[in-house]
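Engineer: Quick one: structure below, then a few questions.
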Protein chains: 2
Amino acid sequence: MSNQGEGCCEPLSEEPLAEQQAAELATVFKALGDPVRLRLLSLIASRPSGEVCVCELTPAFDLSQPTISHHLKLLRQAGLVDSERRGTWVYYRVRPETTDRMAALLSSVSGERAAARVG
Amino acid sequence: MSNQGEGCCEPLSEEPLAEQQAAELATVFKALGDPVRLRLLSLIASRPSGEVCVCELTPAFDLSQPTISHHLKLLRQAGLVDSERRGTWVYYRVRPETTDRMAALLSSVSGERAAARVG
DNA sequence: CGTCAATATTGAAATATGTCGAATCAAGGC
DNA sequence: GCCTTGATTCGACATATTTCAATATTGACG
């Protein structure tokens, strides 16, 4: 709660989105707008440990390894996931700040006039 | 824990998304993944009346009328908005079921293991 | 009817995206 | 040091998306 930070999130209702904000938010939604990336995110999020090795993600799809790597990169660039290399393997985990922010933004649409400020 | 409905919403964590569900959800996120469409949605949502005439949306952008019409069509096809013709004009309004559903889905990512089932 | 104004649809061009195979980079083990 | 294995980057190609101008459709009003 509290402040709404610098580039922080206006509700989608309340007042129309500025062009630049719309562009930033669109980047994240665009990252979510692909079935493969959604499933990747889901696979990562569904792990109790909170993280998954790429070596487990890749064989879950009928796609080449570079393709999976590419999708993971887009998720990373959108701020939806983080990666960390530990030895031979690379592990991905969700960044809940981002998913929460997007969720709050979407909630604000139906939250009518009194939509809580999304911090 | 009751059913989870027909085509209804799994949380993104809990269990990985099935291919078909991922494809459906991706369609909606893809619709949200464009700055123009986000601003359109925002303009529609920010109206106290809940609806806006296309004749007010079109001049709000530096884009041709067919282009705006096209974006509105994609929002409609994604289930994010509804349109109604009244006489000469066409009015658009948000479909909160859809935005709420997507919000809940995103919330479930950080909702960890115990994520509430999203109806 | 005929015309005008508001939207939608069509067709085409430029750009972006998803995908692969080949090449490259990183870390471990011989 | 030199392979081997895991992961990313590069280059290329097919497809999808964004956008416009032109055309069609819909409804209101003489």
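Labels used: A, B, ... for chains in the order of the structure tokens, numbers from 1 for residues in each chain, and numbers from 1 for ligands as shown.
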Taking 3 positions as the minimum chain separation for residues in the same chain, which residues sit within 10 Å of range 26-36 of chain B when counting only C-alpha atoms (C1' of nucleotides)? Answer as a ChimeraX atom specification.
Structural biologist: /A:17-39 /B:20-23,39-42,61,63,67-68,71-80,98-99,102 /D:18
Engineer: How about saving the chosen residues, N, CA and C atoms (P, O5', C5', C4', C3', O3' and C1' of nucleotides) kept, as a short mmCIF file (atom, residue, chain, number, x, y, z; two decimals), in the first residue's frame?
Structural biologist:
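The new file selection_2.cif reads:
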```
data_model
loop_
_atom_site.label_atom_id
_atom_site.label_comp_id
_atom_site.auth_asym_id
_atom_site.auth_seq_id
_atom_site.Cartn_x
_atom_site.Cartn_y
_atom_site.Cartn_z
N LEU A 17 -5.09 5.87 -19.54
CA LEU A 17 -3.67 5.58 -19.53
C LEU A 17 -2.90 6.53 -20.44
N ALA A 18 -1.77 7.01 -19.96
CA ALA A 18 -0.91 7.82 -20.82
C ALA A 18 -0.22 6.91 -21.83
N GLU A 19 0.21 7.52 -22.91
CA GLU A 19 0.82 6.74 -23.99
C GLU A 19 2.01 5.92 -23.53
N GLN A 20 2.88 6.55 -22.77
CA GLN A 20 4.10 5.84 -22.38
C GLN A 20 3.81 4.69 -21.44
N GLN A 21 2.92 4.95 -20.50
CA GLN A 21 2.53 3.88 -19.58
C GLN A 21 1.90 2.73 -20.32
N ALA A 22 1.04 3.09 -21.27
CA ALA A 22 0.38 2.04 -22.05
C ALA A 22 1.42 1.19 -22.76
N ALA A 23 2.45 1.82 -23.26
CA ALA A 23 3.48 1.08 -23.98
C ALA A 23 4.21 0.11 -23.05
N GLU A 24 4.53 0.58 -21.86
CA GLU A 24 5.24 -0.29 -20.91
C GLU A 24 4.37 -1.48 -20.51
N LEU A 25 3.13 -1.18 -20.17
CA LEU A 25 2.23 -2.25 -19.74
C LEU A 25 1.98 -3.22 -20.88
N ALA A 26 1.89 -2.70 -22.09
CA ALA A 26 1.63 -3.56 -23.24
C ALA A 26 2.76 -4.58 -23.42
N THR A 27 3.98 -4.16 -23.11
CA THR A 27 5.11 -5.07 -23.21
C THR A 27 4.89 -6.31 -22.33
N VAL A 28 4.41 -6.08 -21.13
CA VAL A 28 4.19 -7.20 -20.22
C VAL A 28 3.05 -8.09 -20.71
N PHE A 29 1.95 -7.45 -21.10
CA PHE A 29 0.83 -8.25 -21.59
C PHE A 29 1.22 -9.01 -22.86
N LYS A 30 2.02 -8.37 -23.68
CA LYS A 30 2.46 -9.04 -24.90
C LYS A 30 3.25 -10.30 -24.56
N ALA A 31 4.06 -10.19 -23.53
CA ALA A 31 4.83 -11.36 -23.09
C ALA A 31 3.88 -12.47 -22.62
N LEU A 32 2.78 -12.08 -22.04
CA LEU A 32 1.81 -13.07 -21.57
C LEU A 32 0.94 -13.59 -22.71
N GLY A 33 1.00 -12.94 -23.85
CA GLY A 33 0.08 -13.24 -24.93
C GLY A 33 0.55 -14.32 -25.88
N ASP A 34 1.22 -15.30 -25.35
CA ASP A 34 1.65 -16.44 -26.17
C ASP A 34 1.47 -17.71 -25.35
N PRO A 35 0.86 -18.72 -25.93
CA PRO A 35 0.55 -19.93 -25.18
C PRO A 35 1.78 -20.60 -24.59
N VAL A 36 2.85 -20.60 -25.34
CA VAL A 36 4.07 -21.23 -24.83
C VAL A 36 4.58 -20.48 -23.60
N ARG A 37 4.59 -19.17 -23.68
CA ARG A 37 5.10 -18.40 -22.54
C ARG A 37 4.17 -18.52 -21.34
N LEU A 38 2.87 -18.58 -21.59
CA LEU A 38 1.95 -18.76 -20.47
C LEU A 38 2.21 -20.09 -19.78
N ARG A 39 2.43 -21.12 -20.59
CA ARG A 39 2.69 -22.43 -19.99
C ARG A 39 4.03 -22.44 -19.27
N GLN B 20 -4.59 -26.24 -24.40
CA GLN B 20 -5.75 -25.54 -24.95
C GLN B 20 -6.12 -24.32 -24.11
N GLN B 21 -6.06 -24.49 -22.81
CA GLN B 21 -6.36 -23.36 -21.94
C GLN B 21 -5.36 -22.24 -22.14
N ALA B 22 -4.09 -22.63 -22.27
CA ALA B 22 -3.07 -21.62 -22.50
C ALA B 22 -3.37 -20.83 -23.76
N ALA B 23 -3.84 -21.53 -24.78
CA ALA B 23 -4.13 -20.86 -26.05
C ALA B 23 -5.27 -19.85 -25.88
N ARG B 39 -5.04 1.52 -24.20
CA ARG B 39 -5.60 2.86 -23.99
C ARG B 39 -7.08 2.89 -24.32
N LEU B 40 -7.48 2.16 -25.33
CA LEU B 40 -8.90 2.07 -25.65
C LEU B 40 -9.67 1.50 -24.46
N LEU B 41 -9.15 0.39 -23.94
CA LEU B 41 -9.81 -0.24 -22.80
C LEU B 41 -9.89 0.73 -21.62
N SER B 42 -8.80 1.42 -21.41
CA SER B 42 -8.74 2.37 -20.33
C SER B 42 -9.75 3.50 -20.52
N PHE B 61 -7.00 9.27 -30.94
CA PHE B 61 -5.74 8.68 -31.42
C PHE B 61 -5.32 9.29 -32.74
N LEU B 63 -4.63 7.81 -35.31
CA LEU B 63 -4.73 6.65 -36.18
C LEU B 63 -6.01 6.76 -36.99
N THR B 67 -8.43 1.66 -38.40
CA THR B 67 -7.49 1.05 -37.46
C THR B 67 -8.10 0.94 -36.07
N ILE B 68 -8.74 1.99 -35.62
CA ILE B 68 -9.40 1.95 -34.31
C ILE B 68 -10.49 0.89 -34.33
N HIS B 71 -8.93 -2.47 -33.88
CA HIS B 71 -8.51 -2.75 -32.50
C HIS B 71 -9.71 -3.05 -31.61
N LEU B 72 -10.78 -2.31 -31.82
CA LEU B 72 -11.99 -2.58 -31.04
C LEU B 72 -12.52 -3.98 -31.32
N LYS B 73 -12.40 -4.37 -32.57
CA LYS B 73 -12.84 -5.72 -32.91
C LYS B 73 -12.04 -6.79 -32.15
N LEU B 74 -10.74 -6.60 -32.07
CA LEU B 74 -9.91 -7.56 -31.36
C LEU B 74 -10.27 -7.60 -29.87
N LEU B 75 -10.53 -6.43 -29.30
CA LEU B 75 -10.93 -6.40 -27.89
C LEU B 75 -12.25 -7.14 -27.71
N ARG B 76 -13.12 -6.96 -28.68
CA ARG B 76 -14.42 -7.64 -28.62
C ARG B 76 -14.23 -9.15 -28.72
N GLN B 77 -13.43 -9.56 -29.69
CA GLN B 77 -13.22 -11.00 -29.89
C GLN B 77 -12.54 -11.65 -28.70
N ALA B 78 -11.78 -10.87 -27.97
CA ALA B 78 -11.12 -11.41 -26.78
C ALA B 78 -12.08 -11.46 -25.60
N GLY B 79 -13.26 -10.91 -25.76
CA GLY B 79 -14.23 -10.92 -24.67
C GLY B 79 -14.00 -9.82 -23.66
N LEU B 80 -13.16 -8.87 -24.01
CA LEU B 80 -12.84 -7.81 -23.06
C LEU B 80 -13.86 -6.68 -23.09
N THR B 98 -14.39 -10.77 -17.75
CA THR B 98 -13.13 -11.14 -18.39
C THR B 98 -11.93 -10.51 -17.68
N THR B 99 -12.01 -9.23 -17.42
CA THR B 99 -10.87 -8.60 -16.76
C THR B 99 -10.68 -9.19 -15.36
N MET B 102 -8.94 -12.57 -15.65
CA MET B 102 -7.51 -12.48 -15.92
C MET B 102 -6.76 -11.98 -14.69
P DT D 18 -1.31 -6.22 -33.35
"O5'" DT D 18 -1.01 -4.93 -34.24
"C5'" DT D 18 0.29 -4.40 -34.28
"C4'" DT D 18 0.40 -3.35 -35.36
"C3'" DT D 18 -0.72 -2.30 -35.36
"O3'" DT D 18 -0.12 -1.01 -35.35
"C1'" DT D 18 -0.42 -3.20 -37.52
#
```
Engineer: With only C-alpha atoms (C1' of nucleotides) considered, list every residue of chain A at most 8 Å from chain D, as a list in words.
Structural biologist: Cys55, Pro66, Ser69, Thr88, Trp89 and Val90 of chain A
Engineer: Assign secondary structure with DSSP using the backbone only, and return the residues of range 12-64 of chain A in helix (DSSP H, G or I) as a PyMOL selection string.
Structural biologist: chain A and resi 19-32+35-45+54-60
Engineer: Name the residues of chain B that come out as strand (DSSP E or B) in a backbone DSSP run; write them as a PyMOL selection string.
Structural biologist: chain B and resi 9+51-53+81-86+89-94+118
Engineer: Could you please select, counting only C-alpha atoms (C1' of nucleotides), the residues of chain C within 10 Å of chain A and state them as a list in words?
Structural biologist: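 Result, ordered by chain then number: DG18, DT19, DC20, DG21, DA26, DA27 and DG28 of chain C.
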Engineer: Between A:Pro96, A:Ser108, A:Glu51, A:Arg101, which residue has the minimum interatomic distance to chain B, considering only C-alpha atoms?
Structural biologist: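 Using only C-alpha atoms, chain B sits closest to A:Pro96.
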Engineer: Chain B vs chain A: Cα RMSD after least-squares superposition over all Cα in order?
Structural biologist: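 With all C-alpha atoms paired in order, the RMSD is 1.3 Å.
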Engineer: Report, in Å with one decimal, the straight-line distance from CA of Val81 in chain B to CA of Thr58 in chain B.
Structural biologist: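 Distance reported for this atom pair: 15.9 Å.
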Engineer: Just to confirm, what's the straight-line distance from CA of Tyr91 in chain A to CA of Val52 in chain A in Å (one decimal)?
Structural biologist: 5.3 Å
